[in-house]
file entry.cif (mmCIF, N, CA and C atoms)
data_model
#
loop_
_atom_site.label_atom_id
_atom_site.label_comp_id
_atom_site.auth_asym_id
_atom_site.auth_seq_id
_atom_site.Cartn_x
_atom_site.Cartn_y
_atom_site.Cartn_z
N MET A 1 -14.39 14.36 -1.60
CA MET A 1 -13.11 13.96 -1.03
C MET A 1 -12.44 12.94 -1.93
N ALA A 2 -11.18 12.74 -1.74
CA ALA A 2 -10.33 11.94 -2.61
C ALA A 2 -10.31 10.46 -2.25
N THR A 3 -9.66 9.69 -3.12
CA THR A 3 -9.46 8.26 -2.94
C THR A 3 -7.97 7.98 -2.79
N ILE A 4 -7.62 7.11 -1.82
CA ILE A 4 -6.23 6.69 -1.64
C ILE A 4 -6.14 5.19 -1.86
N GLY A 5 -5.05 4.78 -2.49
CA GLY A 5 -4.78 3.36 -2.70
C GLY A 5 -3.67 2.90 -1.78
N ILE A 6 -3.81 1.67 -1.27
CA ILE A 6 -2.79 1.04 -0.43
C ILE A 6 -2.26 -0.14 -1.24
N VAL A 7 -1.03 -0.03 -1.75
CA VAL A 7 -0.47 -1.00 -2.67
C VAL A 7 0.67 -1.77 -2.01
N GLN A 8 0.61 -3.07 -2.10
CA GLN A 8 1.68 -3.91 -1.58
C GLN A 8 2.87 -3.86 -2.51
N GLY A 9 4.06 -3.60 -1.96
CA GLY A 9 5.27 -3.58 -2.76
C GLY A 9 5.56 -4.96 -3.33
N GLY A 10 6.35 -5.00 -4.39
CA GLY A 10 6.71 -6.27 -5.00
C GLY A 10 7.77 -7.00 -4.20
N ILE A 11 7.97 -8.26 -4.52
CA ILE A 11 8.95 -9.08 -3.80
C ILE A 11 10.37 -8.64 -4.14
N GLU A 12 10.58 -8.20 -5.36
CA GLU A 12 11.91 -7.78 -5.77
C GLU A 12 11.92 -6.30 -6.14
N THR A 13 13.10 -5.69 -6.00
CA THR A 13 13.26 -4.29 -6.37
C THR A 13 14.22 -4.20 -7.56
N ARG A 14 14.18 -3.07 -8.24
CA ARG A 14 14.97 -2.89 -9.47
C ARG A 14 16.44 -2.60 -9.20
N GLY A 15 16.76 -2.07 -8.05
CA GLY A 15 18.14 -1.72 -7.75
C GLY A 15 18.33 -0.21 -7.74
N GLY A 16 19.31 0.24 -6.99
CA GLY A 16 19.60 1.67 -6.91
C GLY A 16 18.54 2.41 -6.13
N THR A 17 18.46 3.70 -6.38
CA THR A 17 17.46 4.55 -5.73
C THR A 17 16.46 5.01 -6.78
N ARG A 18 15.18 4.81 -6.50
CA ARG A 18 14.10 5.19 -7.41
C ARG A 18 12.89 5.60 -6.58
N VAL A 19 11.94 6.29 -7.22
CA VAL A 19 10.69 6.55 -6.52
C VAL A 19 10.01 5.20 -6.29
N ALA A 20 9.26 5.10 -5.21
CA ALA A 20 8.66 3.82 -4.81
C ALA A 20 7.83 3.19 -5.92
N ARG A 21 7.08 4.00 -6.67
CA ARG A 21 6.22 3.43 -7.70
C ARG A 21 7.00 2.79 -8.85
N ARG A 22 8.29 3.09 -8.95
CA ARG A 22 9.14 2.51 -10.00
C ARG A 22 10.18 1.53 -9.46
N GLN A 23 10.25 1.36 -8.14
CA GLN A 23 11.28 0.51 -7.54
C GLN A 23 10.95 -0.98 -7.62
N TYR A 24 9.69 -1.33 -7.52
CA TYR A 24 9.31 -2.73 -7.41
C TYR A 24 9.07 -3.37 -8.77
N THR A 25 9.32 -4.67 -8.83
CA THR A 25 9.10 -5.43 -10.05
C THR A 25 8.01 -6.47 -9.81
N GLY A 26 7.63 -7.12 -10.86
CA GLY A 26 6.66 -8.21 -10.76
C GLY A 26 5.32 -7.83 -11.35
N GLU A 27 4.70 -8.81 -11.97
CA GLU A 27 3.43 -8.58 -12.64
C GLU A 27 2.32 -8.15 -11.68
N THR A 28 2.28 -8.76 -10.49
CA THR A 28 1.23 -8.40 -9.53
C THR A 28 1.38 -6.95 -9.09
N PHE A 29 2.61 -6.54 -8.76
CA PHE A 29 2.82 -5.14 -8.38
C PHE A 29 2.45 -4.21 -9.53
N GLU A 30 2.88 -4.53 -10.73
CA GLU A 30 2.59 -3.67 -11.88
C GLU A 30 1.09 -3.52 -12.10
N SER A 31 0.34 -4.60 -11.94
CA SER A 31 -1.12 -4.53 -12.08
C SER A 31 -1.74 -3.64 -11.01
N ARG A 32 -1.30 -3.84 -9.78
CA ARG A 32 -1.84 -3.04 -8.67
C ARG A 32 -1.45 -1.57 -8.81
N ARG A 33 -0.21 -1.31 -9.22
CA ARG A 33 0.25 0.07 -9.43
C ARG A 33 -0.60 0.74 -10.51
N ALA A 34 -0.79 0.06 -11.63
CA ALA A 34 -1.57 0.63 -12.72
C ALA A 34 -3.01 0.91 -12.28
N TYR A 35 -3.58 -0.01 -11.50
CA TYR A 35 -4.95 0.18 -11.01
C TYR A 35 -5.01 1.40 -10.09
N ALA A 36 -4.03 1.51 -9.18
CA ALA A 36 -3.99 2.67 -8.27
C ALA A 36 -3.85 3.97 -9.04
N GLU A 37 -2.99 3.98 -10.03
CA GLU A 37 -2.80 5.20 -10.81
C GLU A 37 -4.04 5.58 -11.60
N GLU A 38 -4.82 4.59 -11.99
CA GLU A 38 -6.04 4.84 -12.76
C GLU A 38 -7.21 5.28 -11.86
N THR A 39 -7.29 4.73 -10.65
CA THR A 39 -8.50 4.91 -9.84
C THR A 39 -8.33 5.78 -8.60
N CYS A 40 -7.09 6.09 -8.22
CA CYS A 40 -6.85 6.79 -6.95
C CYS A 40 -6.23 8.16 -7.18
N ASP A 41 -6.54 9.08 -6.28
CA ASP A 41 -5.94 10.42 -6.32
C ASP A 41 -4.53 10.41 -5.75
N ALA A 42 -4.29 9.50 -4.81
CA ALA A 42 -2.98 9.32 -4.18
C ALA A 42 -2.85 7.85 -3.82
N TRP A 43 -1.63 7.39 -3.68
CA TRP A 43 -1.45 6.02 -3.22
C TRP A 43 -0.11 5.86 -2.51
N VAL A 44 -0.07 4.85 -1.66
CA VAL A 44 1.12 4.55 -0.88
C VAL A 44 1.49 3.09 -1.07
N VAL A 45 2.74 2.78 -0.78
CA VAL A 45 3.25 1.41 -0.87
C VAL A 45 3.49 0.88 0.54
N VAL A 46 3.09 -0.36 0.76
CA VAL A 46 3.38 -1.05 2.02
C VAL A 46 4.63 -1.89 1.78
N SER A 47 5.65 -1.67 2.63
CA SER A 47 6.96 -2.27 2.42
C SER A 47 7.54 -2.81 3.72
N PRO A 48 8.19 -3.97 3.68
CA PRO A 48 8.85 -4.47 4.89
C PRO A 48 10.00 -3.57 5.35
N LYS A 49 10.65 -2.89 4.41
CA LYS A 49 11.79 -2.04 4.74
C LYS A 49 11.37 -0.62 5.13
N TYR A 50 10.42 -0.05 4.38
CA TYR A 50 10.07 1.36 4.55
C TYR A 50 8.70 1.58 5.17
N ASP A 51 8.03 0.51 5.55
CA ASP A 51 6.70 0.58 6.16
C ASP A 51 5.70 1.15 5.15
N ILE A 52 5.08 2.30 5.45
CA ILE A 52 4.14 2.96 4.54
C ILE A 52 4.89 4.12 3.89
N VAL A 53 4.99 4.11 2.57
CA VAL A 53 5.77 5.14 1.88
C VAL A 53 4.96 5.67 0.69
N ALA A 54 4.96 6.98 0.51
CA ALA A 54 4.26 7.59 -0.61
C ALA A 54 4.87 7.10 -1.92
N SER A 55 4.03 6.96 -2.94
CA SER A 55 4.47 6.40 -4.22
C SER A 55 5.57 7.22 -4.88
N GLU A 56 5.66 8.50 -4.59
CA GLU A 56 6.65 9.37 -5.22
C GLU A 56 7.90 9.58 -4.35
N THR A 57 7.99 8.91 -3.22
CA THR A 57 9.15 9.03 -2.34
C THR A 57 10.29 8.15 -2.87
N GLU A 58 11.48 8.71 -2.92
CA GLU A 58 12.63 7.93 -3.36
C GLU A 58 13.05 6.96 -2.27
N ILE A 59 13.26 5.71 -2.68
CA ILE A 59 13.71 4.67 -1.76
C ILE A 59 14.84 3.89 -2.41
N GLU A 60 15.69 3.32 -1.59
CA GLU A 60 16.77 2.48 -2.08
C GLU A 60 16.29 1.05 -2.22
N SER A 61 16.90 0.33 -3.12
CA SER A 61 16.61 -1.08 -3.30
C SER A 61 16.95 -1.82 -2.00
N TYR A 62 16.28 -2.93 -1.77
CA TYR A 62 16.54 -3.72 -0.57
C TYR A 62 16.20 -5.17 -0.81
N ASP A 63 16.71 -6.01 0.08
CA ASP A 63 16.44 -7.45 0.01
C ASP A 63 15.91 -7.87 1.38
N LEU A 64 14.63 -7.65 1.61
CA LEU A 64 13.99 -7.95 2.89
C LEU A 64 12.53 -8.27 2.62
N THR A 65 12.04 -9.34 3.23
CA THR A 65 10.62 -9.66 3.14
C THR A 65 10.08 -9.77 4.56
N ARG A 66 8.78 -9.80 4.67
CA ARG A 66 8.19 -9.94 6.01
C ARG A 66 8.54 -11.29 6.63
N ASP A 67 8.91 -12.27 5.81
CA ASP A 67 9.32 -13.58 6.33
C ASP A 67 10.64 -13.51 7.08
N ASP A 68 11.40 -12.44 6.87
CA ASP A 68 12.68 -12.27 7.56
C ASP A 68 12.52 -11.81 9.01
N PHE A 69 11.32 -11.39 9.38
CA PHE A 69 11.08 -10.91 10.75
C PHE A 69 10.84 -12.07 11.71
N GLY A 70 11.38 -11.95 12.91
CA GLY A 70 11.00 -12.85 13.99
C GLY A 70 9.64 -12.40 14.51
N PRO A 71 9.02 -13.18 15.40
CA PRO A 71 7.68 -12.83 15.89
C PRO A 71 7.59 -11.45 16.54
N PHE A 72 8.57 -11.08 17.35
CA PHE A 72 8.54 -9.78 18.02
C PHE A 72 8.75 -8.65 17.00
N GLU A 73 9.70 -8.84 16.08
CA GLU A 73 9.95 -7.82 15.04
C GLU A 73 8.71 -7.63 14.18
N GLU A 74 8.04 -8.73 13.86
CA GLU A 74 6.84 -8.63 13.03
C GLU A 74 5.74 -7.85 13.76
N LEU A 75 5.57 -8.12 15.03
CA LEU A 75 4.57 -7.42 15.82
C LEU A 75 4.86 -5.92 15.84
N GLN A 76 6.11 -5.55 16.07
CA GLN A 76 6.50 -4.13 16.09
C GLN A 76 6.29 -3.48 14.73
N TRP A 77 6.62 -4.21 13.67
CA TRP A 77 6.45 -3.71 12.31
C TRP A 77 4.98 -3.47 11.99
N VAL A 78 4.12 -4.44 12.36
CA VAL A 78 2.68 -4.28 12.10
C VAL A 78 2.14 -3.07 12.86
N LYS A 79 2.59 -2.87 14.08
CA LYS A 79 2.15 -1.69 14.85
C LYS A 79 2.57 -0.40 14.14
N ARG A 80 3.79 -0.37 13.61
CA ARG A 80 4.24 0.81 12.86
C ARG A 80 3.37 1.02 11.62
N LEU A 81 3.10 -0.07 10.89
CA LEU A 81 2.25 0.04 9.70
C LEU A 81 0.89 0.62 10.06
N GLN A 82 0.29 0.11 11.12
CA GLN A 82 -1.03 0.58 11.53
C GLN A 82 -1.00 2.06 11.88
N GLN A 83 0.01 2.49 12.63
CA GLN A 83 0.10 3.90 13.01
C GLN A 83 0.34 4.79 11.80
N GLN A 84 1.22 4.37 10.91
CA GLN A 84 1.52 5.18 9.73
C GLN A 84 0.32 5.25 8.79
N LEU A 85 -0.42 4.16 8.65
CA LEU A 85 -1.60 4.20 7.80
C LEU A 85 -2.66 5.10 8.42
N ARG A 86 -2.82 5.00 9.72
CA ARG A 86 -3.77 5.88 10.41
C ARG A 86 -3.38 7.35 10.19
N ASP A 87 -2.09 7.64 10.30
CA ASP A 87 -1.61 9.01 10.07
C ASP A 87 -1.89 9.47 8.64
N ALA A 88 -1.83 8.55 7.69
CA ALA A 88 -2.09 8.90 6.30
C ALA A 88 -3.58 9.14 6.03
N LEU A 89 -4.44 8.43 6.75
CA LEU A 89 -5.88 8.51 6.49
C LEU A 89 -6.59 9.61 7.27
N PHE A 90 -6.01 10.01 8.41
CA PHE A 90 -6.66 10.99 9.29
C PHE A 90 -5.73 12.15 9.59
N ASP A 91 -6.31 13.33 9.80
CA ASP A 91 -5.50 14.45 10.25
C ASP A 91 -5.33 14.37 11.77
N ALA A 92 -4.63 15.33 12.35
CA ALA A 92 -4.35 15.31 13.79
C ALA A 92 -5.62 15.34 14.64
N GLY A 93 -6.70 15.89 14.09
CA GLY A 93 -7.97 15.93 14.81
C GLY A 93 -8.84 14.71 14.55
N GLU A 94 -8.26 13.67 13.94
CA GLU A 94 -8.97 12.43 13.62
C GLU A 94 -10.06 12.62 12.56
N ASN A 95 -9.92 13.65 11.73
CA ASN A 95 -10.85 13.86 10.63
C ASN A 95 -10.36 13.08 9.41
N PRO A 96 -11.25 12.36 8.73
CA PRO A 96 -10.85 11.60 7.55
C PRO A 96 -10.29 12.53 6.46
N GLN A 97 -9.23 12.09 5.81
CA GLN A 97 -8.62 12.84 4.72
C GLN A 97 -9.04 12.31 3.35
N PHE A 98 -9.76 11.18 3.34
CA PHE A 98 -10.18 10.55 2.10
C PHE A 98 -11.60 10.03 2.25
N ALA A 99 -12.30 9.94 1.13
CA ALA A 99 -13.64 9.35 1.13
C ALA A 99 -13.57 7.84 0.92
N ARG A 100 -12.57 7.41 0.13
CA ARG A 100 -12.43 5.99 -0.21
C ARG A 100 -11.00 5.52 0.01
N VAL A 101 -10.90 4.26 0.41
CA VAL A 101 -9.61 3.59 0.55
C VAL A 101 -9.70 2.33 -0.31
N ILE A 102 -8.79 2.21 -1.28
CA ILE A 102 -8.74 1.04 -2.15
C ILE A 102 -7.55 0.19 -1.69
N VAL A 103 -7.82 -1.02 -1.23
CA VAL A 103 -6.81 -1.91 -0.69
C VAL A 103 -6.32 -2.85 -1.80
N LEU A 104 -5.06 -2.71 -2.17
CA LEU A 104 -4.47 -3.50 -3.24
C LEU A 104 -3.30 -4.32 -2.67
N THR A 105 -3.66 -5.19 -1.74
CA THR A 105 -2.68 -6.02 -1.04
C THR A 105 -3.20 -7.45 -0.95
N ASP A 106 -2.35 -8.33 -0.46
CA ASP A 106 -2.79 -9.70 -0.21
C ASP A 106 -3.53 -9.75 1.13
N ASP A 107 -4.03 -10.92 1.46
CA ASP A 107 -4.83 -11.08 2.68
C ASP A 107 -4.02 -10.86 3.95
N TYR A 108 -2.71 -11.12 3.92
CA TYR A 108 -1.87 -10.89 5.10
C TYR A 108 -1.94 -9.42 5.50
N TYR A 109 -1.69 -8.53 4.53
CA TYR A 109 -1.72 -7.09 4.82
C TYR A 109 -3.13 -6.61 5.14
N LEU A 110 -4.11 -7.20 4.49
CA LEU A 110 -5.49 -6.84 4.79
C LEU A 110 -5.79 -7.11 6.26
N ALA A 111 -5.41 -8.29 6.74
CA ALA A 111 -5.64 -8.65 8.14
C ALA A 111 -4.80 -7.79 9.09
N ALA A 112 -3.54 -7.56 8.75
CA ALA A 112 -2.65 -6.78 9.62
C ALA A 112 -3.14 -5.36 9.80
N LEU A 113 -3.74 -4.80 8.75
CA LEU A 113 -4.19 -3.41 8.80
C LEU A 113 -5.69 -3.27 9.05
N GLU A 114 -6.36 -4.38 9.30
CA GLU A 114 -7.81 -4.36 9.49
C GLU A 114 -8.29 -3.40 10.58
N PRO A 115 -7.61 -3.29 11.73
CA PRO A 115 -8.10 -2.32 12.73
C PRO A 115 -8.17 -0.89 12.20
N VAL A 116 -7.23 -0.51 11.35
CA VAL A 116 -7.23 0.84 10.78
C VAL A 116 -8.36 0.96 9.76
N TYR A 117 -8.58 -0.08 8.96
CA TYR A 117 -9.67 -0.06 7.98
C TYR A 117 -11.03 0.02 8.67
N LEU A 118 -11.19 -0.70 9.77
CA LEU A 118 -12.45 -0.63 10.53
C LEU A 118 -12.65 0.77 11.10
N HIS A 119 -11.59 1.37 11.60
CA HIS A 119 -11.66 2.74 12.12
C HIS A 119 -12.06 3.70 11.00
N ALA A 120 -11.48 3.49 9.82
CA ALA A 120 -11.81 4.34 8.66
C ALA A 120 -13.28 4.20 8.29
N GLU A 121 -13.78 2.98 8.27
CA GLU A 121 -15.20 2.77 7.96
C GLU A 121 -16.10 3.42 9.00
N ASN A 122 -15.73 3.29 10.26
CA ASN A 122 -16.51 3.92 11.33
C ASN A 122 -16.51 5.44 11.23
N ALA A 123 -15.46 5.98 10.60
CA ALA A 123 -15.37 7.44 10.41
C ALA A 123 -16.04 7.89 9.12
N GLY A 124 -16.63 6.95 8.37
CA GLY A 124 -17.38 7.30 7.17
C GLY A 124 -16.67 7.05 5.85
N MET A 125 -15.44 6.54 5.89
CA MET A 125 -14.74 6.21 4.65
C MET A 125 -15.25 4.88 4.11
N THR A 126 -15.20 4.73 2.80
CA THR A 126 -15.51 3.45 2.16
C THR A 126 -14.19 2.73 1.94
N VAL A 127 -14.11 1.48 2.39
CA VAL A 127 -12.90 0.68 2.21
C VAL A 127 -13.25 -0.47 1.27
N GLU A 128 -12.49 -0.59 0.18
CA GLU A 128 -12.75 -1.61 -0.84
C GLU A 128 -11.48 -2.40 -1.14
N GLN A 129 -11.65 -3.70 -1.41
CA GLN A 129 -10.54 -4.53 -1.90
C GLN A 129 -11.00 -5.19 -3.19
N PRO A 130 -10.64 -4.60 -4.34
CA PRO A 130 -11.06 -5.18 -5.61
C PRO A 130 -10.43 -6.56 -5.82
N SER A 131 -11.11 -7.41 -6.56
CA SER A 131 -10.57 -8.72 -6.87
C SER A 131 -9.39 -8.57 -7.83
N GLU A 132 -8.54 -9.60 -7.88
CA GLU A 132 -7.41 -9.57 -8.82
C GLU A 132 -7.91 -9.48 -10.26
N ASP A 133 -9.06 -10.09 -10.56
CA ASP A 133 -9.63 -9.99 -11.91
C ASP A 133 -9.99 -8.55 -12.24
N THR A 134 -10.57 -7.83 -11.27
CA THR A 134 -10.92 -6.42 -11.48
C THR A 134 -9.67 -5.59 -11.68
N ILE A 135 -8.64 -5.88 -10.90
CA ILE A 135 -7.38 -5.15 -11.02
C ILE A 135 -6.76 -5.39 -12.38
N GLU A 136 -6.73 -6.64 -12.81
CA GLU A 136 -6.15 -6.98 -14.11
C GLU A 136 -6.94 -6.34 -15.25
N ALA A 137 -8.26 -6.33 -15.15
CA ALA A 137 -9.09 -5.68 -16.17
C ALA A 137 -8.77 -4.20 -16.23
N GLY A 138 -8.55 -3.57 -15.07
CA GLY A 138 -8.20 -2.15 -15.03
C GLY A 138 -6.86 -1.89 -15.67
N ARG A 139 -5.96 -2.86 -15.61
CA ARG A 139 -4.62 -2.70 -16.20
C ARG A 139 -4.69 -2.66 -17.72
N LYS A 140 -5.68 -3.31 -18.27
CA LYS A 140 -5.79 -3.37 -19.72
C LYS A 140 -6.27 -2.04 -20.32
N ARG A 141 -6.85 -1.15 -19.48
CA ARG A 141 -7.24 0.17 -19.95
C ARG A 141 -6.00 1.06 -20.01
N PRO A 142 -6.01 2.05 -20.89
CA PRO A 142 -4.87 2.98 -20.91
C PRO A 142 -4.77 3.72 -19.58
N ALA A 143 -3.56 3.85 -19.06
CA ALA A 143 -3.34 4.55 -17.79
C ALA A 143 -3.40 6.05 -17.98
N LYS A 144 -3.65 6.75 -16.86
CA LYS A 144 -3.59 8.21 -16.88
C LYS A 144 -2.18 8.64 -17.22
N PRO A 145 -2.00 9.75 -17.91
CA PRO A 145 -0.64 10.23 -18.18
C PRO A 145 0.06 10.58 -16.88
N PRO A 146 1.41 10.38 -16.81
CA PRO A 146 2.15 10.66 -15.56
C PRO A 146 2.16 12.13 -15.20
#
call {"tool": "encode", "arguments": {"input": "entry.cif", "output": "structure tokens"}}
result
Amino acid sequence: MATIGIVQGGIETRGGTRVARRQYTGETFESRRAYAEETCDAWVVVSPKYDIVASETEIESYDLTRDDFGPFEELQWVKRLQQQLRDALFDAGENPQFARVIVLTDDYYLAALEPVYLHAENAGMTVEQPSEDTIEAGRKRPAKPP
């Protein structure tokens, strides 16, 4: 079975409409993107605007962070993230779609999505969060061709 990466979007976007993997800027995002492209069969971006979005989905630039949410909006957003991630990891019969989940986010997203990661582990998936040093070391290797 395949590996999926969960990548946190960058704080800033490039502008216009682009595929998600090319929309975000910043060194941290670039390192995580490169690591996902090197180690995962598929990957998604976690975004305050678009929730969970496939890396090849076209999205428009935006100016929104999770800090812009009030407490109720944040709660609703986290619930959407959890449901969308669950939908990405499992089929309608609750069968795992991946053997491994690579978490490339900060601790906020790790905690927000923890119930889904625990469910994935209980279903037999391996959930890993590599250190930033491991991610950066992976970036120094040549990436897979697009």
call {"tool": "select_by_dssp", "arguments": {"input": "entry.cif", "residues": "stretch 23-137 of chain A", "states": "strand (DSSP E)", "output": "number ranges by chain"}}
result
A: 42-47, 51-54, 58-60, 100-104, 126-128
call {"tool": "write_last_selection", "arguments": {"input": "entry.cif", "atoms": "N, CA and C atoms", "output": "PDB file, in the frame of the given file"}}
result
ATOM      1  N   ALA A  42      -4.290   9.500  -4.810  1.00  0.00           N
ATOM      2  CA  ALA A  42      -2.980   9.320  -4.180  1.00  0.00           C
ATOM      3  C   ALA A  42      -2.850   7.850  -3.820  1.00  0.00           C
ATOM      4  N   TRP A  43      -1.630   7.390  -3.680  1.00  0.00           N
ATOM      5  CA  TRP A  43      -1.450   6.020  -3.220  1.00  0.00           C
ATOM      6  C   TRP A  43      -0.110   5.860  -2.510  1.00  0.00           C
ATOM      7  N   VAL A  44      -0.070   4.850  -1.660  1.00  0.00           N
ATOM      8  CA  VAL A  44       1.120   4.550  -0.880  1.00  0.00           C
ATOM      9  C   VAL A  44       1.490   3.090  -1.070  1.00  0.00           C
ATOM     10  N   VAL A  45       2.740   2.780  -0.780  1.00  0.00           N
ATOM     11  CA  VAL A  45       3.250   1.410  -0.870  1.00  0.00           C
ATOM     12  C   VAL A  45       3.490   0.880   0.540  1.00  0.00           C
ATOM     13  N   VAL A  46       3.090  -0.360   0.760  1.00  0.00           N
ATOM     14  CA  VAL A  46       3.380  -1.050   2.020  1.00  0.00           C
ATOM     15  C   VAL A  46       4.630  -1.890   1.780  1.00  0.00           C
ATOM     16  N   SER A  47       5.650  -1.670   2.630  1.00  0.00           N
ATOM     17  CA  SER A  47       6.960  -2.270   2.420  1.00  0.00           C
ATOM     18  C   SER A  47       7.540  -2.810   3.720  1.00  0.00           C
ATOM     19  N   ASP A  51       8.030   0.510   5.550  1.00  0.00           N
ATOM     20  CA  ASP A  51       6.700   0.580   6.160  1.00  0.00           C
ATOM     21  C   ASP A  51       5.700   1.150   5.150  1.00  0.00           C
ATOM     22  N   ILE A  52       5.080   2.300   5.450  1.00  0.00           N
ATOM     23  CA  ILE A  52       4.140   2.960   4.540  1.00  0.00           C
ATOM     24  C   ILE A  52       4.890   4.120   3.890  1.00  0.00           C
ATOM     25  N   VAL A  53       4.990   4.110   2.570  1.00  0.00           N
ATOM     26  CA  VAL A  53       5.770   5.140   1.880  1.00  0.00           C
ATOM     27  C   VAL A  53       4.960   5.670   0.690  1.00  0.00           C
ATOM     28  N   ALA A  54       4.960   6.980   0.510  1.00  0.00           N
ATOM     29  CA  ALA A  54       4.260   7.590  -0.610  1.00  0.00           C
ATOM     30  C   ALA A  54       4.870   7.100  -1.920  1.00  0.00           C
ATOM     31  N   GLU A  58      11.480   8.710  -2.920  1.00  0.00           N
ATOM     32  CA  GLU A  58      12.630   7.930  -3.360  1.00  0.00           C
ATOM     33  C   GLU A  58      13.050   6.960  -2.270  1.00  0.00           C
ATOM     34  N   ILE A  59      13.260   5.710  -2.680  1.00  0.00           N
ATOM     35  CA  ILE A  59      13.710   4.670  -1.760  1.00  0.00           C
ATOM     36  C   ILE A  59      14.840   3.890  -2.410  1.00  0.00           C
ATOM     37  N   GLU A  60      15.690   3.320  -1.590  1.00  0.00           N
ATOM     38  CA  GLU A  60      16.770   2.480  -2.080  1.00  0.00           C
ATOM     39  C   GLU A  60      16.290   1.050  -2.220  1.00  0.00           C
ATOM     40  N   ARG A 100     -12.570   7.410   0.130  1.00  0.00           N
ATOM     41  CA  ARG A 100     -12.430   5.990  -0.210  1.00  0.00           C
ATOM     42  C   ARG A 100     -11.000   5.520   0.010  1.00  0.00           C
ATOM     43  N   VAL A 101     -10.900   4.260   0.410  1.00  0.00           N
ATOM     44  CA  VAL A 101      -9.610   3.590   0.550  1.00  0.00           C
ATOM     45  C   VAL A 101      -9.700   2.330  -0.310  1.00  0.00           C
ATOM     46  N   ILE A 102      -8.790   2.210  -1.280  1.00  0.00           N
ATOM     47  CA  ILE A 102      -8.740   1.040  -2.150  1.00  0.00           C
ATOM     48  C   ILE A 102      -7.550   0.190  -1.690  1.00  0.00           C
ATOM     49  N   VAL A 103      -7.820  -1.020  -1.230  1.00  0.00           N
ATOM     50  CA  VAL A 103      -6.810  -1.910  -0.690  1.00  0.00           C
ATOM     51  C   VAL A 103      -6.320  -2.850  -1.800  1.00  0.00           C
ATOM     52  N   LEU A 104      -5.060  -2.710  -2.170  1.00  0.00           N
ATOM     53  CA  LEU A 104      -4.470  -3.500  -3.240  1.00  0.00           C
ATOM     54  C   LEU A 104      -3.300  -4.320  -2.670  1.00  0.00           C
ATOM     55  N   THR A 126     -15.200   4.730   2.800  1.00  0.00           N
ATOM     56  CA  THR A 126     -15.510   3.450   2.160  1.00  0.00           C
ATOM     57  C   THR A 126     -14.190   2.730   1.940  1.00  0.00           C
ATOM     58  N   VAL A 127     -14.110   1.480   2.390  1.00  0.00           N
ATOM     59  CA  VAL A 127     -12.900   0.680   2.210  1.00  0.00           C
ATOM     60  C   VAL A 127     -13.250  -0.470   1.270  1.00  0.00           C
ATOM     61  N   GLU A 128     -12.490  -0.590   0.180  1.00  0.00           N
ATOM     62  CA  GLU A 128     -12.750  -1.610  -0.840  1.00  0.00           C
ATOM     63  C   GLU A 128     -11.480  -2.400  -1.140  1.00  0.00           C
TER      64      GLU A 128
END
call {"tool": "closest_atom_pairs", "arguments": {"input": "entry.cif", "of": "stretch 19-97 of chain A", "to": "stretch 116-132 of chain A", "cutoff": "8 Å", "atoms": "only C-alpha atoms", "output": "CSV"}}
result
residue,atom,partner,partner_atom,distance
A:Gln82,CA,A:Val116,CA,6.3
A:Leu85,CA,A:Val116,CA,7.2
A:Arg86,CA,A:Val116,CA,6.1
A:Leu89,CA,A:Ala120,CA,7.6
A:Asn95,CA,A:Ala123,CA,7.9
A:Pro96,CA,A:Ala123,CA,6.8
call {"tool": "write_last_selection", "arguments": {"input": "entry.cif", "atoms": "N, CA and C atoms", "output": "compact mmCIF listing (two decimals), in the frame of the given file"}}
result
# COMPACT_ATOMS: atom_id res chain seq x y z
N GLN A 82 0.29 0.11 11.12
CA GLN A 82 -1.03 0.58 11.53
C GLN A 82 -1.00 2.06 11.88
N LEU A 85 -0.42 4.16 8.65
CA LEU A 85 -1.60 4.20 7.80
C LEU A 85 -2.66 5.10 8.42
N ARG A 86 -2.82 5.00 9.72
CA ARG A 86 -3.77 5.88 10.41
C ARG A 86 -3.38 7.35 10.19
N LEU A 89 -4.44 8.43 6.75
CA LEU A 89 -5.88 8.51 6.49
C LEU A 89 -6.59 9.61 7.27
N ASN A 95 -9.92 13.65 11.73
CA ASN A 95 -10.85 13.86 10.63
C ASN A 95 -10.36 13.08 9.41
N PRO A 96 -11.25 12.36 8.73
CA PRO A 96 -10.85 11.60 7.55
C PRO A 96 -10.29 12.53 6.46
call {"tool": "select_by_dssp", "arguments": {"input": "entry.cif", "residues": "stretch 18-98 of chain A", "states": "helix (DSSP H, G or I)", "output": "NGL selection string"}}
result
:A and (20-23 or 27-39 or 66-68 or 71-89)
call {"tool": "resolve_selection", "arguments": {"input": "entry.cif", "expression": "the PyMOL selection byres ((chain A and resi 6-18) around 6.5)", "output": "PyMOL selection string"}}
result
chain A and resi 4-5+19-26+29+32+43-47+57-62+101-106
call {"tool": "atom_distance", "arguments": {"input": "entry.cif", "atom1": "atom CA of A:Gln97", "atom2": "atom CA of A:Trp77"}}
result
23.6 Å
call {"tool": "atom_distance", "arguments": {"input": "entry.cif", "atom1": "atom CA of A:Asp91", "atom2": "atom C of A:Ala42"}}
result
15.8 Å
call {"tool": "axis_aligned_box", "arguments": {"input": "entry.cif", "around": "stretch 127-130 of chain A", "padding_each_side": "6 Å", "output": "AutoDock Vina command-line options"}}
result
--center_x -12.3 --center_y -2.5 --center_z -1.7 --size_x 15.7 --size_y 20.0 --size_z 20.2
call {"tool": "atom_distance", "arguments": {"input": "entry.cif", "atom1": "atom C of A:Ala88", "atom2": "atom CA of A:Arg66"}}
result
22.4 Å
call {"tool": "residues_around", "arguments": {"input": "entry.cif", "residues": "A:Met1", "least_positions_apart": "2", "cutoff": "7 Å", "atoms": "all atoms listed in the file", "output": "list in words"}}
result
Thr3, Gln97, Phe98, Ala99 and Arg100 of chain A
